[in-house]
$ cat my_file23.txt   # compact mmCIF, C-alpha atoms
# COMPACT_ATOMS: atom_id res chain seq x y z
CA MET Q 1 136.68 66.29 -64.96
CA LYS Q 2 135.71 69.60 -66.58
CA ASP Q 3 136.71 72.97 -65.16
CA ILE Q 4 134.21 75.81 -64.94
CA ASP Q 5 134.71 79.29 -63.52
CA PHE Q 6 131.63 80.35 -61.55
CA TRP Q 7 131.52 84.15 -61.50
CA PHE Q 8 129.22 85.64 -58.90
CA GLU Q 9 128.33 89.00 -57.36
CA PHE Q 10 127.26 88.99 -53.71
CA ALA Q 11 124.46 91.53 -54.29
CA SER Q 12 122.89 89.48 -57.08
CA THR Q 13 119.72 87.51 -56.42
CA TYR Q 14 120.29 85.04 -59.25
CA SER Q 15 123.89 84.54 -58.07
CA TYR Q 16 122.32 83.46 -54.78
CA LEU Q 17 120.16 80.88 -56.54
CA ALA Q 18 123.17 79.57 -58.46
CA ALA Q 19 125.44 79.50 -55.41
CA MET Q 20 122.99 77.35 -53.45
CA ARG Q 21 122.82 74.71 -56.18
CA ALA Q 22 126.25 74.93 -57.84
CA GLN Q 23 128.19 72.41 -55.80
CA GLY Q 24 125.60 69.61 -56.01
CA LEU Q 25 125.04 70.10 -59.72
CA ALA Q 26 128.79 70.28 -60.38
CA ALA Q 27 129.23 66.92 -58.64
CA ASP Q 28 126.45 65.43 -60.80
CA CYS Q 29 128.06 66.79 -63.98
CA GLY Q 30 131.70 65.96 -63.21
CA VAL Q 31 132.59 69.64 -63.01
CA ARG Q 32 135.37 71.15 -60.90
CA LEU Q 33 134.26 74.69 -59.97
CA THR Q 34 136.38 77.74 -59.33
CA TRP Q 35 134.35 80.29 -57.38
CA ARG Q 36 135.20 83.78 -58.60
CA PRO Q 37 133.70 86.82 -56.87
CA PHE Q 38 133.65 90.08 -58.83
CA LEU Q 39 132.04 93.51 -58.64
CA LEU Q 40 129.24 93.69 -61.18
CA GLY Q 41 128.48 97.30 -60.23
CA ALA Q 42 131.90 98.35 -61.54
CA ILE Q 43 131.11 96.72 -64.89
CA PHE Q 44 127.64 98.31 -65.10
CA LYS Q 45 129.24 101.66 -64.40
CA LYS Q 46 131.96 101.23 -67.02
CA ASP Q 47 129.72 99.73 -69.73
CA LEU Q 48 126.50 101.63 -69.16
CA GLY Q 49 127.36 104.63 -67.04
CA TYR Q 50 125.10 103.79 -64.15
CA ALA Q 51 125.67 102.38 -60.71
CA ASP Q 52 122.27 101.12 -59.56
CA SER Q 53 120.78 97.69 -60.20
CA PRO Q 54 118.77 97.28 -63.43
CA PHE Q 55 116.03 95.91 -61.16
CA ASN Q 56 115.78 99.31 -59.46
CA ARG Q 57 116.00 101.31 -62.68
CA HIS Q 58 113.03 99.47 -64.20
CA ASP Q 59 110.19 99.05 -61.68
CA LYS Q 60 108.28 96.40 -63.57
CA LYS Q 61 111.42 94.32 -64.09
CA GLY Q 62 112.24 94.64 -60.40
CA ASP Q 63 108.74 93.61 -59.27
CA TYR Q 64 108.91 90.68 -61.65
CA MET Q 65 112.32 89.59 -60.40
CA TRP Q 66 111.14 89.34 -56.78
CA ARG Q 67 108.07 87.35 -57.84
CA ASP Q 68 110.27 85.11 -59.99
CA MET Q 69 112.60 84.59 -57.03
CA ASP Q 70 109.61 83.50 -54.90
CA ARG Q 71 108.77 80.90 -57.52
CA GLN Q 72 112.35 79.76 -58.11
CA VAL Q 73 113.15 79.16 -54.44
CA ARG Q 74 109.97 77.10 -54.20
CA ILE Q 75 110.99 75.09 -57.27
CA HIS Q 76 114.45 74.46 -55.80
CA GLY Q 77 113.26 73.75 -52.26
CA LEU Q 78 114.91 76.81 -50.71
CA PRO Q 79 113.37 78.93 -47.92
CA SER Q 80 111.27 81.94 -48.91
CA VAL Q 81 113.18 85.03 -49.99
CA LYS Q 82 113.58 88.09 -47.78
CA LYS Q 83 114.42 91.28 -49.64
CA PRO Q 84 117.35 92.99 -47.92
CA GLU Q 85 117.24 96.76 -47.33
CA PRO Q 86 118.75 98.44 -49.16
CA PHE Q 87 118.76 96.42 -52.33
CA PRO Q 88 121.24 95.92 -53.87
CA GLN Q 89 123.52 95.46 -50.89
CA ASN Q 90 127.13 96.57 -51.01
CA GLY Q 91 129.06 93.32 -51.41
CA LEU Q 92 132.55 94.86 -51.50
CA THR Q 93 133.81 93.61 -48.13
CA ALA Q 94 132.28 90.17 -48.63
CA ALA Q 95 133.97 89.94 -52.04
CA ARG Q 96 137.32 90.95 -50.57
CA ILE Q 97 136.93 88.27 -47.90
CA ALA Q 98 136.17 85.74 -50.64
CA MET Q 99 139.44 86.77 -52.32
CA VAL Q 100 141.28 86.11 -49.04
CA LEU Q 101 139.72 82.63 -49.01
CA GLU Q 102 140.44 82.02 -52.71
CA GLU Q 103 142.65 78.98 -52.06
CA ASP Q 104 140.58 77.68 -49.12
CA ASP Q 105 138.40 74.64 -49.78
CA ARG Q 106 135.77 76.12 -47.50
CA LEU Q 107 135.24 79.22 -49.68
CA PRO Q 108 131.83 77.92 -50.93
CA ILE Q 109 130.67 77.59 -47.32
CA PHE Q 110 131.45 81.24 -46.67
CA VAL Q 111 129.81 82.32 -49.93
CA ARG Q 112 126.60 80.42 -49.31
CA SER Q 113 126.43 81.71 -45.72
CA VAL Q 114 126.66 85.31 -46.93
CA PHE Q 115 123.95 84.71 -49.52
CA ARG Q 116 121.73 83.04 -46.92
CA ALA Q 117 122.23 85.89 -44.45
CA GLN Q 118 121.23 88.35 -47.15
CA PHE Q 119 118.34 86.64 -48.92
CA GLN Q 120 116.92 84.31 -46.28
CA TYR Q 121 117.34 86.56 -43.22
CA GLY Q 122 117.48 90.02 -44.84
CA GLU Q 123 120.76 90.92 -43.09
CA THR Q 124 123.03 93.75 -44.18
CA ILE Q 125 126.12 92.11 -45.62
CA SER Q 126 128.11 95.34 -45.82
CA GLU Q 127 128.24 95.29 -41.98
CA PRO Q 128 131.64 93.98 -40.83
CA ASP Q 129 129.95 92.42 -37.76
CA VAL Q 130 127.67 90.31 -39.93
CA LEU Q 131 130.65 89.03 -41.94
CA PHE Q 132 132.73 88.52 -38.82
CA ASP Q 133 129.99 86.34 -37.31
CA ILE Q 134 129.62 84.31 -40.51
CA LEU Q 135 133.37 83.62 -40.52
CA SER Q 136 133.41 82.67 -36.83
CA GLN Q 137 130.38 80.45 -37.03
CA ASN Q 138 131.95 78.54 -39.89
CA GLY Q 139 135.24 77.94 -38.12
CA PHE Q 140 137.37 80.55 -39.91
CA ASP Q 141 139.88 82.71 -38.03
CA ALA Q 142 137.61 85.74 -38.30
CA PRO Q 143 139.94 88.47 -36.93
CA ASP Q 144 142.76 87.34 -39.21
CA VAL Q 145 140.57 87.05 -42.32
CA MET Q 146 138.91 90.44 -41.71
CA GLN Q 147 142.33 92.02 -41.28
CA ARG Q 148 143.74 90.50 -44.47
CA ALA Q 149 140.63 91.59 -46.39
CA LYS Q 150 141.67 95.20 -45.76
CA SER Q 151 145.14 94.80 -47.28
CA ASP Q 152 146.16 96.54 -50.48
CA LYS Q 153 147.06 93.18 -51.95
CA ILE Q 154 143.48 91.89 -51.59
CA LYS Q 155 141.91 95.16 -52.74
CA GLN Q 156 144.06 94.98 -55.86
CA ALA Q 157 143.33 91.27 -56.39
CA LEU Q 158 139.57 91.92 -56.45
CA LYS Q 159 140.05 94.86 -58.81
CA THR Q 160 142.17 92.70 -61.13
CA GLN Q 161 139.60 89.90 -60.98
CA THR Q 162 136.77 92.31 -61.90
CA GLU Q 163 138.84 93.69 -64.80
CA HIS Q 164 139.40 90.12 -65.94
CA ALA Q 165 135.64 89.44 -65.87
CA ASP Q 166 135.09 92.56 -67.95
CA ARG Q 167 137.77 91.54 -70.46
CA ILE Q 168 136.27 88.11 -71.10
CA GLY Q 169 132.86 89.63 -71.85
CA ILE Q 170 131.03 89.22 -68.56
CA PHE Q 171 128.15 91.70 -68.22
CA GLY Q 172 125.93 90.04 -65.61
CA ALA Q 173 125.87 87.58 -62.75
CA PRO Q 174 126.02 84.72 -62.29
CA SER Q 175 128.17 83.76 -65.28
CA PHE Q 176 129.88 80.50 -66.10
CA VAL Q 177 132.98 80.20 -68.28
CA THR Q 178 134.64 77.12 -69.74
CA PRO Q 179 138.44 76.85 -70.18
CA LYS Q 180 137.97 77.66 -73.89
CA GLY Q 181 136.08 80.83 -73.01
CA GLU Q 182 132.50 79.73 -73.68
CA LEU Q 183 130.38 82.13 -71.63
CA PHE Q 184 126.97 81.37 -70.12
CA TRP Q 185 124.95 84.01 -68.30
CA GLY Q 186 122.34 83.46 -65.65
CA ASP Q 187 121.23 80.85 -63.16
CA ASP Q 188 119.04 79.46 -65.96
CA ARG Q 189 122.16 78.54 -67.96
CA MET Q 190 124.08 76.84 -65.13
CA GLU Q 191 123.17 73.31 -66.11
CA THR Q 192 123.79 73.96 -69.83
CA ALA Q 193 127.22 75.33 -68.90
CA PHE Q 194 128.07 72.35 -66.70
CA ARG Q 195 127.07 69.91 -69.44
CA TRP Q 196 128.77 71.85 -72.26
CA GLN Q 197 131.21 69.82 -74.36
CA ASP Q 198 133.84 71.72 -76.27
CA MET W 1 92.78 72.63 -70.42
CA LYS W 2 94.73 75.64 -69.13
CA ASP W 3 94.76 78.99 -70.92
CA ILE W 4 97.98 80.93 -71.41
CA ASP W 5 98.51 84.23 -73.20
CA PHE W 6 101.71 84.12 -75.23
CA TRP W 7 102.95 87.70 -75.68
CA PHE W 8 105.55 88.16 -78.40
CA GLU W 9 107.35 90.92 -80.27
CA PHE W 10 108.33 90.20 -83.86
CA ALA W 11 111.76 91.84 -83.54
CA SER W 12 112.69 89.74 -80.50
CA THR W 13 115.13 86.85 -80.89
CA TYR W 14 113.90 84.98 -77.84
CA SER W 15 110.30 85.45 -79.00
CA TYR W 16 111.42 83.61 -82.14
CA LEU W 17 112.75 80.70 -80.08
CA ALA W 18 109.53 80.55 -78.09
CA ALA W 19 107.28 80.82 -81.15
CA MET W 20 108.95 77.86 -82.83
CA ARG W 21 108.37 75.59 -79.81
CA ALA W 22 105.20 76.99 -78.24
CA GLN W 23 102.57 74.94 -80.04
CA GLY W 24 104.23 71.55 -79.49
CA LEU W 25 104.96 72.24 -75.85
CA ALA W 26 101.44 73.60 -75.27
CA ALA W 27 99.99 70.35 -76.64
CA ASP W 28 102.23 68.34 -74.29
CA CYS W 29 101.16 70.44 -71.31
CA GLY W 30 97.42 70.65 -72.04
CA VAL W 31 97.65 74.39 -72.64
CA ARG W 32 95.42 76.44 -74.95
CA LEU W 33 97.51 79.35 -76.23
CA THR W 34 96.37 82.81 -77.23
CA TRP W 35 99.03 84.42 -79.41
CA ARG W 36 99.28 88.12 -78.57
CA PRO W 37 101.58 90.39 -80.59
CA PHE W 38 102.62 93.68 -79.01
CA LEU W 39 105.18 96.44 -79.53
CA LEU W 40 107.94 96.05 -76.98
CA GLY W 41 109.71 99.15 -78.31
CA ALA W 42 106.78 101.30 -77.17
CA ILE W 43 107.11 99.88 -73.65
CA PHE W 44 110.89 100.38 -73.56
CA LYS W 45 110.35 103.96 -74.63
CA LYS W 46 107.68 104.62 -72.02
CA ASP W 47 109.41 102.82 -69.14
CA LEU W 48 113.04 103.62 -69.86
CA GLY W 49 113.07 106.52 -72.30
CA TYR W 50 114.95 104.71 -75.04
CA ALA W 51 113.94 103.22 -78.32
CA ASP W 52 116.78 100.88 -79.29
CA SER W 53 117.19 97.24 -78.26
CA PRO W 54 119.04 96.61 -74.97
CA PHE W 55 121.20 94.26 -77.03
CA ASN W 56 122.43 97.22 -79.08
CA ARG W 57 122.86 99.52 -76.10
CA HIS W 58 125.19 97.08 -74.33
CA ASP W 59 127.73 95.56 -76.75
CA LYS W 60 128.81 92.68 -74.56
CA LYS W 61 125.20 91.70 -73.88
CA GLY W 62 124.44 91.84 -77.60
CA ASP W 63 127.46 89.71 -78.55
CA TYR W 64 126.48 87.25 -75.88
CA MET W 65 122.88 87.07 -77.05
CA TRP W 66 123.86 86.10 -80.60
CA ARG W 67 126.23 83.42 -79.28
CA ASP W 68 123.50 82.17 -76.95
CA MET W 69 121.07 82.05 -79.89
CA ASP W 70 123.58 79.90 -81.82
CA ARG W 71 123.66 77.48 -78.93
CA GLN W 72 119.91 77.52 -78.27
CA VAL W 73 118.91 76.79 -81.88
CA ARG W 74 121.33 73.85 -81.83
CA ILE W 75 119.81 72.58 -78.58
CA HIS W 76 116.29 72.87 -80.04
CA GLY W 77 117.16 71.44 -83.46
CA LEU W 78 116.48 74.68 -85.35
CA PRO W 79 118.53 75.93 -88.34
CA SER W 80 121.43 78.28 -87.63
CA VAL W 81 120.53 81.89 -86.93
CA LYS W 82 121.01 84.67 -89.44
CA LYS W 83 121.20 88.14 -87.96
CA PRO W 84 118.88 90.47 -89.91
CA GLU W 85 120.07 93.93 -90.89
CA PRO W 86 119.16 96.18 -89.28
CA PHE W 87 118.60 94.61 -85.91
CA PRO W 88 116.13 95.02 -84.38
CA GLN W 89 113.75 94.95 -87.32
CA ASN W 90 110.63 97.07 -87.37
CA GLY W 91 107.83 94.60 -86.69
CA LEU W 92 104.97 97.10 -86.78
CA THR W 93 103.33 95.92 -90.01
CA ALA W 94 103.79 92.25 -89.13
CA ALA W 95 102.16 92.90 -85.75
CA ARG W 96 99.23 94.70 -87.38
CA ILE W 97 98.76 91.75 -89.72
CA ALA W 98 98.80 89.43 -86.71
CA MET W 99 96.00 91.56 -85.20
CA VAL W 100 93.99 91.11 -88.42
CA LEU W 101 94.45 87.34 -88.04
CA GLU W 102 93.65 87.37 -84.31
CA GLU W 103 90.64 85.07 -84.67
CA ASP W 104 92.16 82.92 -87.42
CA ASP W 105 93.37 79.43 -86.40
CA ARG W 106 96.27 79.84 -88.79
CA LEU W 107 97.74 82.85 -86.95
CA PRO W 108 100.62 80.74 -85.52
CA ILE W 109 101.58 79.69 -89.05
CA PHE W 110 101.90 83.33 -90.11
CA VAL W 111 103.84 84.23 -86.96
CA ARG W 112 106.33 81.40 -87.32
CA SER W 113 106.82 82.19 -91.02
CA VAL W 114 107.68 85.81 -90.22
CA PHE W 115 110.14 84.71 -87.53
CA ARG W 116 111.73 82.20 -89.89
CA ALA W 117 112.05 84.79 -92.68
CA GLN W 118 113.78 87.11 -90.24
CA PHE W 119 116.06 84.83 -88.24
CA GLN W 120 116.68 81.92 -90.60
CA TYR W 121 116.89 83.86 -93.89
CA GLY W 122 117.80 87.34 -92.65
CA GLU W 123 114.91 88.97 -94.53
CA THR W 124 113.59 92.46 -93.80
CA ILE W 125 110.19 91.97 -92.23
CA SER W 126 109.24 95.63 -92.43
CA GLU W 127 109.05 95.18 -96.24
CA PRO W 128 105.39 94.83 -97.28
CA ASP W 129 106.48 92.52 -100.14
CA VAL W 130 108.07 90.07 -97.72
CA LEU W 131 104.89 89.97 -95.62
CA PHE W 132 102.69 89.75 -98.71
CA ASP W 133 104.64 86.71 -99.91
CA ILE W 134 104.44 85.02 -96.53
CA LEU W 135 100.67 85.49 -96.50
CA SER W 136 100.28 84.20 -100.07
CA GLN W 137 102.52 81.20 -99.58
CA ASN W 138 100.51 80.16 -96.56
CA GLY W 139 97.14 80.39 -98.29
CA PHE W 140 95.92 83.68 -96.84
CA ASP W 141 94.12 86.27 -98.96
CA ALA W 142 97.21 88.51 -99.01
CA PRO W 143 95.75 91.64 -100.68
CA ASP W 144 92.76 91.65 -98.35
CA VAL W 145 94.81 91.06 -95.19
CA MET W 146 97.40 93.71 -96.15
CA GLN W 147 94.58 96.19 -96.78
CA ARG W 148 92.85 95.49 -93.48
CA ALA W 149 96.18 95.82 -91.64
CA LYS W 150 96.24 99.50 -92.66
CA SER W 151 92.84 100.30 -91.16
CA ASP W 152 92.42 102.60 -88.19
CA LYS W 153 90.60 99.82 -86.38
CA ILE W 154 93.63 97.51 -86.53
CA LYS W 155 96.12 100.27 -85.72
CA GLN W 156 94.06 101.07 -82.63
CA ALA W 157 93.68 97.40 -81.70
CA LEU W 158 97.47 96.91 -81.65
CA LYS W 159 97.91 100.08 -79.64
CA THR W 160 95.29 98.92 -77.13
CA GLN W 161 96.92 95.49 -76.94
CA THR W 162 100.34 97.04 -76.23
CA GLU W 163 98.83 99.26 -73.52
CA HIS W 164 97.25 96.15 -72.02
CA ALA W 165 100.65 94.40 -71.97
CA ASP W 166 102.13 97.41 -70.21
CA ARG W 167 99.31 97.51 -67.66
CA ILE W 168 99.75 93.86 -66.64
CA GLY W 169 103.45 94.40 -66.00
CA ILE W 170 105.03 93.12 -69.20
CA PHE W 171 108.50 94.60 -69.76
CA GLY W 172 110.10 92.08 -72.14
CA ALA W 173 109.37 89.41 -74.72
CA PRO W 174 108.38 86.70 -74.87
CA SER W 175 106.10 86.75 -71.84
CA PHE W 176 103.51 84.24 -70.70
CA VAL W 177 100.50 85.10 -68.54
CA THR W 178 98.02 82.82 -66.79
CA PRO W 179 94.32 83.73 -66.38
CA LYS W 180 95.07 84.76 -62.78
CA GLY W 181 97.79 87.12 -63.96
CA GLU W 182 100.90 85.10 -63.12
CA LEU W 183 103.60 86.54 -65.39
CA PHE W 184 106.59 84.64 -66.75
CA TRP W 185 109.29 86.36 -68.81
CA GLY W 186 111.57 84.76 -71.34
CA ASP W 187 111.84 81.70 -73.51
CA ASP W 188 113.55 80.02 -70.54
CA ARG W 189 110.35 80.28 -68.51
CA MET W 190 107.95 78.94 -71.17
CA GLU W 191 107.78 75.42 -69.80
CA THR W 192 107.47 76.62 -66.19
CA ALA W 193 104.57 78.84 -67.32
CA PHE W 194 102.84 76.04 -69.20
CA ARG W 195 103.11 73.71 -66.20
CA TRP W 196 102.09 76.35 -63.63
CA GLN W 197 99.20 75.40 -61.36
CA ASP W 198 97.29 78.17 -59.69
$ encode --input "my_file23.txt" --output "structure tokens"
Amino acid sequence: MKDIDFWFEFASTYSYLAAMRAQGLAADCGVRLTWRPFLLGAIFKKDLGYADSPFNRHDKKGDYMWRDMDRQVRIHGLPSVKKPEPFPQNGLTAARIAMVLEEDDRLPIFVRSVFRAQFQYGETISEPDVLFDILSQNGFDAPDVMQRAKSDKIKQALKTQTEHADRIGIFGAPSFVTPKGELFWGDDRMETAFRWQD
Amino acid sequence: MKDIDFWFEFASTYSYLAAMRAQGLAADCGVRLTWRPFLLGAIFKKDLGYADSPFNRHDKKGDYMWRDMDRQVRIHGLPSVKKPEPFPQNGLTAARIAMVLEEDDRLPIFVRSVFRAQFQYGETISEPDVLFDILSQNGFDAPDVMQRAKSDKIKQALKTQTEHADRIGIFGAPSFVTPKGELFWGDDRMETAFRWQD
């Protein structure tokens, strides 16, 4: 059994693609995944001095990305993509909730539900109600989880996790990291990462 | 037989990867390739206001790219990568020569030789002597080609070609475009592009 850290950002379209396929592919490859949310915006801001998505800063790249997403979901048998407004969404609360659920086996279920809400239904994932409903519908104790997500402990844990991502060289999402620190960036590298031998 | 335009920039590492594999894969996929050099730097400057490579502007992304290249050449059975100094190289003269050879069946041989000189041997491809030698060693009439590459006609042809790339939405290299205008960006999308049905 190999261990891989799967680093994702809730606002990221290619993190969505990876999240939908990660568990099945990990099973095929004998990989045990650790799902690690982080705030890519904080890293963009620190490294590059800007806060917006590169897909918004470069029109042609943004147009291309949405077209590429249309093709990729078709290739992977996923429903057609709905662009949420605004894009990128603010994934802070969702990421804090994911930190609350860090030790919970059902974390991937929550993560995929948030991604689906955002990119299949175009919902606004910064809305506490949207997140509350996702938790409830998946059998979590929504009031308790939402409450814990507001604690200083969780806020700090997400900050520490994002700083950790930065320190190990992560600059985009999704990223995949082996125990020896081999870093792979992008949904297109997920399978290479899962099959990596070192 | 499908037609695909293969847009490449001589300074681009992932264009190198694509150039080394393009002809074999095209044969497998029943694709007729048109090799189209362009100046990505001009597009970066126009779209984003900067002239340097994104891999130099973002240290972590640059470090990652060179590590990824090490892995990708191993996966594709290519020799280990040598980083040219400076990076990115100035590919203007090489691109003008490629425009001279536009109608020549041996254009891919010239292109691959320039990429090899740069990324396998770390040579400086802006040096006319390096390009002259590549032409000679591959049986081209080097003095004649070098002379024609300096003509106003060729300078304008490369400029027009780069403007064309910009107009059809190209923002990175390599890119692949179908006759109906379907655009694919990146070495990772080459096979998807070659197998695209529209």
$ atom_distance --input "my_file23.txt" --atom1 "atom CA of Q:Gln156" --atom2 "atom CA of Q:Phe38"
11.9 Å
$ closest_atom_pairs --input "my_file23.txt" --of "chain W" --to "chain Q" --cutoff "10 Å" --atoms "all atoms listed in the file" --output "tab-separated table"
residue	atom	partner	partner_atom	distance
W:Phe44	CA	Q:His58	CA	9.6
W:Asp47	CA	Q:His58	CA	7.0
W:Leu48	CA	Q:His58	CA	7.0
W:Arg57	CA	Q:Leu48	CA	8.1
W:His58	CA	Q:Asp47	CA	7.0
W:Asp59	CA	Q:Asp47	CA	8.4
W:Lys60	CA	Q:Gly169	CA	5.7
W:Lys61	CA	Q:Phe171	CA	6.4
W:Asp63	CA	Q:Gly169	CA	8.6
W:Tyr64	CA	Q:Leu183	CA	7.7
W:Met65	CA	Q:Trp185	CA	9.5
W:Arg67	CA	Q:Leu183	CA	8.8
W:Asp68	CA	Q:Phe184	CA	7.7
W:Arg71	CA	Q:Thr192	CA	9.8
W:Gln72	CA	Q:Thr192	CA	9.9
W:Ile75	CA	Q:Thr192	CA	9.7
W:Asp166	CA	Q:Lys60	CA	9.1
W:Arg167	CA	Q:Lys60	CA	9.9
W:Ile168	CA	Q:Lys60	CA	9.4
W:Gly169	CA	Q:Lys60	CA	5.8
W:Ile170	CA	Q:Lys60	CA	7.3
W:Phe171	CA	Q:Lys61	CA	6.4
W:Gly172	CA	Q:Lys61	CA	8.5
W:Glu182	CA	Q:Arg67	CA	9.2
W:Leu183	CA	Q:Tyr64	CA	7.7
W:Phe184	CA	Q:Asp68	CA	7.7
W:Trp185	CA	Q:Tyr64	CA	8.4
W:Asp188	CA	Q:Asp188	CA	7.2
W:Arg189	CA	Q:Asp188	CA	9.1
W:Thr192	CA	Q:Ile75	CA	9.7
$ residues_around --input "my_file23.txt" --residues "W:Ala157" --least-positions-apart "3" --cutoff "12 Å" --atoms "all atoms listed in the file" --output "PyMOL selection string"
chain W and resi 36-39+95-102+148-154+160-164
$ residues_near_point --input "my_file23.txt" --point "(106.7, 94.3, -93.8)" --cutoff "8 Å" --atoms "only C-alpha atoms" --output "VMD selection string"
chain W and resid 91 to 94 124 to 132
$ residues_around --input "my_file23.txt" --residues "Q:Gln23" --least-positions-apart "5" --cutoff "10 Å" --atoms "all atoms listed in the file" --output "PDB file with C-alpha atoms, keeping the file's coordinate frame"
ATOM      1  CA  ALA Q  18     123.170  79.570 -58.460  1.00  0.00           C
ATOM      2  CA  ASP Q  28     126.450  65.430 -60.800  1.00  0.00           C
ATOM      3  CA  CYS Q  29     128.060  66.790 -63.980  1.00  0.00           C
ATOM      4  CA  VAL Q  31     132.590  69.640 -63.010  1.00  0.00           C
ATOM      5  CA  ARG Q  32     135.370  71.150 -60.900  1.00  0.00           C
ATOM      6  CA  LEU Q  33     134.260  74.690 -59.970  1.00  0.00           C
ATOM      7  CA  PRO Q 108     131.830  77.920 -50.930  1.00  0.00           C
TER       8      PRO Q 108
END
$ atom_distance --input "my_file23.txt" --atom1 "atom CA of Q:Tyr14" --atom2 "atom CA of W:Gly62"
20.0 Å
$ residues_near_point --input "my_file23.txt" --point "(117.3, 81.5, -90.1)" --cutoff "7 Å" --atoms "all atoms listed in the file" --output "NGL selection string"
:W and (79-82 or 116-122)
$ atom_distance --input "my_file23.txt" --atom1 "atom CA of Q:Gly77" --atom2 "atom CA of W:Ile4"
25.5 Å
$ closest_residue --input "my_file23.txt" --among "W:Leu78, W:Leu40, W:Ala142, W:Val177" --to "W:Phe10" --atoms "all atoms listed in the file"
W:Leu40
$ residues_around --input "my_file23.txt" --residues "W:Trp35" --least-positions-apart "4" --cutoff "7 Å" --atoms "all atoms listed in the file" --output "ChimeraX atom specification"
/W:5-7
$ closest_residue --input "my_file23.txt" --among "W:Met1, W:Ala22, W:Thr34, W:Phe194" --to "W:Asp105" --atoms "all atoms listed in the file"
W:Thr34
$ residues_around --input "my_file23.txt" --residues "W:Asn138" --least-positions-apart "2" --cutoff "12 Å" --atoms "only C-alpha atoms" --output "CSV table (one decimal) with C-alpha atoms, in the coordinates of the input"
chain,number,residue,atom,x,y,z
W,106,ARG,CA,96.3,79.8,-88.8
W,107,LEU,CA,97.7,82.8,-87.0
W,108,PRO,CA,100.6,80.7,-85.5
W,109,ILE,CA,101.6,79.7,-89.0
W,110,PHE,CA,101.9,83.3,-90.1
W,111,VAL,CA,103.8,84.2,-87.0
W,112,ARG,CA,106.3,81.4,-87.3
W,113,SER,CA,106.8,82.2,-91.0
W,114,VAL,CA,107.7,85.8,-90.2
W,131,LEU,CA,104.9,90.0,-95.6
W,132,PHE,CA,102.7,89.8,-98.7
W,133,ASP,CA,104.6,86.7,-99.9
W,134,ILE,CA,104.4,85.0,-96.5
W,135,LEU,CA,100.7,85.5,-96.5
W,136,SER,CA,100.3,84.2,-100.1
W,140,PHE,CA,95.9,83.7,-96.8
W,141,ASP,CA,94.1,86.3,-99.0
W,142,ALA,CA,97.2,88.5,-99.0
